[in-house]
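This report refers to the structure that appears directly beneath it.
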Amino acid sequence: MRNIISYVFREKPDIGDDEAAQARWLTPKLRRAIVTGRKICERARKADPTDRIDCPSNVDFVGFWSYPLTYSVLGSRRYGDRAIVDVLYSWGKGTDYEGDQEVASFIFKLEKESWLLDDIYFFPGDYRDASSLEAELERQY
């Protein structure tokens with residue numbers, strides 16, 4: 001969990017095109033959503049090269065275009081082959097979301113004795129509506 005957050009809380013390397021990171025941390029379902037999204041994105045970029053078209057990236061996994069300054073794990077729970085880790089994002093002074101705090105739940109699935117990220121649920125807050133990473137990937141791409 002902490003490794004995934006550490007990875008996506010920076011621009012590069014980018015989980016959107018890092019197949020090794022995808023295989024290490026993501027369920028096949030989430031990897032397929034990224035691959036599909038990248039294919040659609042690349043076709044759109046070829047069709048309209050002057051438009052700014054964003055492909056699935058670390059920003060989608062963070063859930064906000066402005067990266068939080070810090071995060072803290074609020075708690076976790078397990079239900080059979082699923083585990084949910086609640087995380088509090090915090091933005092500090094001088095950031096775009098100054099003073100804001102938002103909660104996200106990272107949903108993991110146990111597959112072949114490894115916990116893999118299956119989805120992220122973003123709670124409604126001042127700067128976003130409630131949604132999930134998988135749903136956003138499907139809707140955007």
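Each chain of the structure tokens is named A, B, ... in the order shown, its residues numbered from 1; ligands are numbered from 1 in display order.
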10 Å contact set for Glu102 (chain A), only C-alpha atoms, chain neighbours under 6 positions out, as an NGL selection string: :A and (63-64 or 68 or 71 or 87-91 or 122-128)
Can you write just those residues out, N, CA and C atoms, as a PDB file, in the first residue's frame?
```pdb
ATOM      1  N   GLY A  63      -6.130  10.668  -7.688  1.00  0.00           N
ATOM      2  CA  GLY A  63      -7.509  11.143  -7.658  1.00  0.00           C
ATOM      3  C   GLY A  63      -7.654  12.647  -7.697  1.00  0.00           C
ATOM      4  N   PHE A  64      -6.547  13.362  -7.687  1.00  0.00           N
ATOM      5  CA  PHE A  64      -6.547  14.825  -7.708  1.00  0.00           C
ATOM      6  C   PHE A  64      -5.409  15.277  -8.607  1.00  0.00           C
ATOM      7  N   PRO A  68      -1.299  15.659  -3.063  1.00  0.00           N
ATOM      8  CA  PRO A  68      -1.275  16.004  -1.645  1.00  0.00           C
ATOM      9  C   PRO A  68       0.168  16.113  -1.148  1.00  0.00           C
ATOM     10  N   TYR A  71       0.096  12.060   3.403  1.00  0.00           N
ATOM     11  CA  TYR A  71      -1.023  11.142   3.565  1.00  0.00           C
ATOM     12  C   TYR A  71      -0.812  10.378   4.855  1.00  0.00           C
ATOM     13  N   VAL A  87      -7.225   5.997   3.566  1.00  0.00           N
ATOM     14  CA  VAL A  87      -6.093   6.920   3.548  1.00  0.00           C
ATOM     15  C   VAL A  87      -6.610   8.352   3.567  1.00  0.00           C
ATOM     16  N   LEU A  88      -5.975   9.185   4.379  1.00  0.00           N
ATOM     17  CA  LEU A  88      -6.314  10.601   4.453  1.00  0.00           C
ATOM     18  C   LEU A  88      -5.225  11.397   3.735  1.00  0.00           C
ATOM     19  N   TYR A  89      -5.614  12.100   2.673  1.00  0.00           N
ATOM     20  CA  TYR A  89      -4.702  12.993   1.955  1.00  0.00           C
ATOM     21  C   TYR A  89      -4.795  14.370   2.602  1.00  0.00           C
ATOM     22  N   SER A  90      -3.660  15.060   2.668  1.00  0.00           N
ATOM     23  CA  SER A  90      -3.643  16.417   3.235  1.00  0.00           C
ATOM     24  C   SER A  90      -2.826  17.353   2.356  1.00  0.00           C
ATOM     25  N   TRP A  91      -3.362  18.544   2.137  1.00  0.00           N
ATOM     26  CA  TRP A  91      -2.669  19.592   1.394  1.00  0.00           C
ATOM     27  C   TRP A  91      -2.333  20.702   2.363  1.00  0.00           C
ATOM     28  N   PHE A 122     -12.969   7.136  -4.093  1.00  0.00           N
ATOM     29  CA  PHE A 122     -12.746   8.504  -3.661  1.00  0.00           C
ATOM     30  C   PHE A 122     -14.048   9.049  -3.091  1.00  0.00           C
ATOM     31  N   PHE A 123     -14.007   9.488  -1.849  1.00  0.00           N
ATOM     32  CA  PHE A 123     -15.190  10.021  -1.188  1.00  0.00           C
ATOM     33  C   PHE A 123     -15.478  11.435  -1.702  1.00  0.00           C
ATOM     34  N   PRO A 124     -16.729  11.862  -1.630  1.00  0.00           N
ATOM     35  CA  PRO A 124     -17.031  13.227  -2.072  1.00  0.00           C
ATOM     36  C   PRO A 124     -16.387  14.240  -1.134  1.00  0.00           C
ATOM     37  N   GLY A 125     -15.917  15.311  -1.714  1.00  0.00           N
ATOM     38  CA  GLY A 125     -15.277  16.359  -0.917  1.00  0.00           C
ATOM     39  C   GLY A 125     -15.455  17.706  -1.578  1.00  0.00           C
ATOM     40  N   ASP A 126     -14.688  18.666  -1.140  1.00  0.00           N
ATOM     41  CA  ASP A 126     -14.788  20.022  -1.680  1.00  0.00           C
ATOM     42  C   ASP A 126     -14.370  20.111  -3.141  1.00  0.00           C
ATOM     43  N   TYR A 127     -13.484  19.206  -3.574  1.00  0.00           N
ATOM     44  CA  TYR A 127     -12.910  19.329  -4.907  1.00  0.00           C
ATOM     45  C   TYR A 127     -13.217  18.173  -5.847  1.00  0.00           C
ATOM     46  N   ARG A 128     -14.069  17.252  -5.427  1.00  0.00           N
ATOM     47  CA  ARG A 128     -14.421  16.147  -6.326  1.00  0.00           C
ATOM     48  C   ARG A 128     -15.691  15.462  -5.850  1.00  0.00           C
TER      49      ARG A 128
END
```
Long-range neighbours of region 1-9 of chain A as a PyMOL selection string, 9 Å cut-off, only C-alpha atoms, 2 positions minimum in chain: chain A and resi 11-15+21+25+57-62+67-68+71+73+85+106+108+117
Would you write out those residues with N, CA and C atoms, as an mmCIF file, in the first residue's frame?
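Full text of out_11.cif as output:
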```cif
data_model
loop_
_atom_site.group_PDB
_atom_site.id
_atom_site.type_symbol
_atom_site.label_atom_id
_atom_site.label_comp_id
_atom_site.auth_asym_id
_atom_site.auth_seq_id
_atom_site.Cartn_x
_atom_site.Cartn_y
_atom_site.Cartn_z
ATOM 1 N N GLU A 11 5.379 12.260 -10.641
ATOM 2 C CA GLU A 11 5.045 12.183 -12.062
ATOM 3 C C GLU A 11 5.683 10.994 -12.764
ATOM 4 N N LYS A 12 6.923 10.731 -12.483
ATOM 5 C CA LYS A 12 7.655 9.653 -13.154
ATOM 6 C C LYS A 12 8.348 8.782 -12.127
ATOM 7 N N PRO A 13 8.441 7.506 -12.345
ATOM 8 C CA PRO A 13 7.826 6.753 -13.428
ATOM 9 C C PRO A 13 6.309 6.754 -13.288
ATOM 10 N N ASP A 14 5.638 6.439 -14.385
ATOM 11 C CA ASP A 14 4.180 6.534 -14.451
ATOM 12 C C ASP A 14 3.568 5.140 -14.580
ATOM 13 N N ILE A 15 2.670 4.818 -13.673
ATOM 14 C CA ILE A 15 2.036 3.500 -13.683
ATOM 15 C C ILE A 15 1.214 3.267 -14.953
ATOM 16 N N ALA A 21 5.325 -2.318 -13.032
ATOM 17 C CA ALA A 21 4.607 -1.828 -11.842
ATOM 18 C C ALA A 21 3.161 -2.300 -11.854
ATOM 19 N N TRP A 25 1.544 -4.630 -8.829
ATOM 20 C CA TRP A 25 0.603 -4.068 -7.868
ATOM 21 C C TRP A 25 -0.865 -4.137 -8.235
ATOM 22 N N SER A 57 -2.820 7.672 -15.918
ATOM 23 C CA SER A 57 -1.518 7.984 -15.326
ATOM 24 C C SER A 57 -1.591 7.963 -13.804
ATOM 25 N N ASN A 58 -0.477 8.316 -13.179
ATOM 26 C CA ASN A 58 -0.418 8.390 -11.723
ATOM 27 C C ASN A 58 -1.492 9.306 -11.155
ATOM 28 N N VAL A 59 -1.799 10.385 -11.863
ATOM 29 C CA VAL A 59 -2.804 11.341 -11.386
ATOM 30 C C VAL A 59 -4.146 10.645 -11.160
ATOM 31 N N ASP A 60 -4.511 9.708 -12.035
ATOM 32 C CA ASP A 60 -5.774 8.970 -11.859
ATOM 33 C C ASP A 60 -5.766 8.172 -10.561
ATOM 34 N N PHE A 61 -4.613 7.642 -10.192
ATOM 35 C CA PHE A 61 -4.498 6.839 -8.982
ATOM 36 C C PHE A 61 -4.498 7.701 -7.724
ATOM 37 N N VAL A 62 -4.017 8.934 -7.833
ATOM 38 C CA VAL A 62 -4.062 9.865 -6.708
ATOM 39 C C VAL A 62 -5.477 10.416 -6.556
ATOM 40 N N TYR A 67 -1.148 17.078 -6.353
ATOM 41 C CA TYR A 67 -0.741 16.023 -5.427
ATOM 42 C C TYR A 67 -0.797 16.504 -3.975
ATOM 43 N N PRO A 68 -1.299 15.659 -3.063
ATOM 44 C CA PRO A 68 -1.275 16.004 -1.645
ATOM 45 C C PRO A 68 0.168 16.113 -1.148
ATOM 46 N N TYR A 71 0.096 12.060 3.403
ATOM 47 C CA TYR A 71 -1.023 11.142 3.565
ATOM 48 C C TYR A 71 -0.812 10.378 4.855
ATOM 49 N N VAL A 73 -2.420 6.693 6.899
ATOM 50 C CA VAL A 73 -3.317 5.545 6.867
ATOM 51 C C VAL A 73 -4.225 5.640 8.086
ATOM 52 N N VAL A 85 -8.049 -0.273 2.699
ATOM 53 C CA VAL A 85 -7.167 0.593 3.477
ATOM 54 C C VAL A 85 -7.622 2.026 3.255
ATOM 55 N N PHE A 106 -8.406 2.430 -0.582
ATOM 56 C CA PHE A 106 -7.710 1.551 -1.519
ATOM 57 C C PHE A 106 -8.232 0.139 -1.295
ATOM 58 N N PHE A 108 -8.015 -3.770 -2.071
ATOM 59 C CA PHE A 108 -7.092 -4.806 -2.524
ATOM 60 C C PHE A 108 -7.801 -6.143 -2.615
ATOM 61 N N LEU A 117 -3.930 -4.240 -5.915
ATOM 62 C CA LEU A 117 -4.904 -3.150 -5.936
ATOM 63 C C LEU A 117 -5.967 -3.440 -6.981
#
```
Option closest in space to Asp54 (chain A), from A:Glu113, A:Asp86, A:Asp81, A:Leu137 [counting only C-alpha atoms]: A:Leu137
Helix (DSSP H, G or I) positions in region 5-141 of chain A, given as a count of residues only: 44
DSSP strand (DSSP E or B) residues within region 63-122 of chain A, as a ChimeraX atom specification: /A:70-79,82-90,101-111,114-122
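Using only C-alpha atoms, the nearest neighbour of Asp129 (chain A) within the list A:Ala33, A:Val103, A:Gly80, A:Ala44 is A:Val103.
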Top pick for closest residue to Leu116 (chain A), considering A:Pro28, A:Pro49, A:Gly92, A:Gly75 and counting only C-alpha atoms: A:Pro28
Just the residues within 10 Å of Asp17 (chain A), please, counting only C-alpha atoms, with nothing from its chain fewer than 6 positions along; format it as a compact mmCIF listing (two decimals) with C-alpha atoms, in the first residue's frame.
```txt
# COMPACT_ATOMS: atom_id res chain seq x y z
CA ILE A 34 -5.39 0.93 -18.08
CA VAL A 35 -4.37 -0.83 -21.30
CA ARG A 38 -4.12 3.95 -23.20
CA CYS A 55 -3.90 9.02 -20.86
CA PRO A 56 -4.30 6.95 -17.68
CA SER A 57 -1.52 7.98 -15.33
CA ASN A 58 -0.42 8.39 -11.72
```
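Distances here use only C-alpha atoms; by that measure, the residue among A:Tyr79, A:Ser132, A:Ile120, A:Ser72 closest to Gln101 (chain A) is A:Ser72.
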Å distance separating CA of Ile84 (chain A) from CA of Glu98 (chain A), one decimal place: 27.1 Å
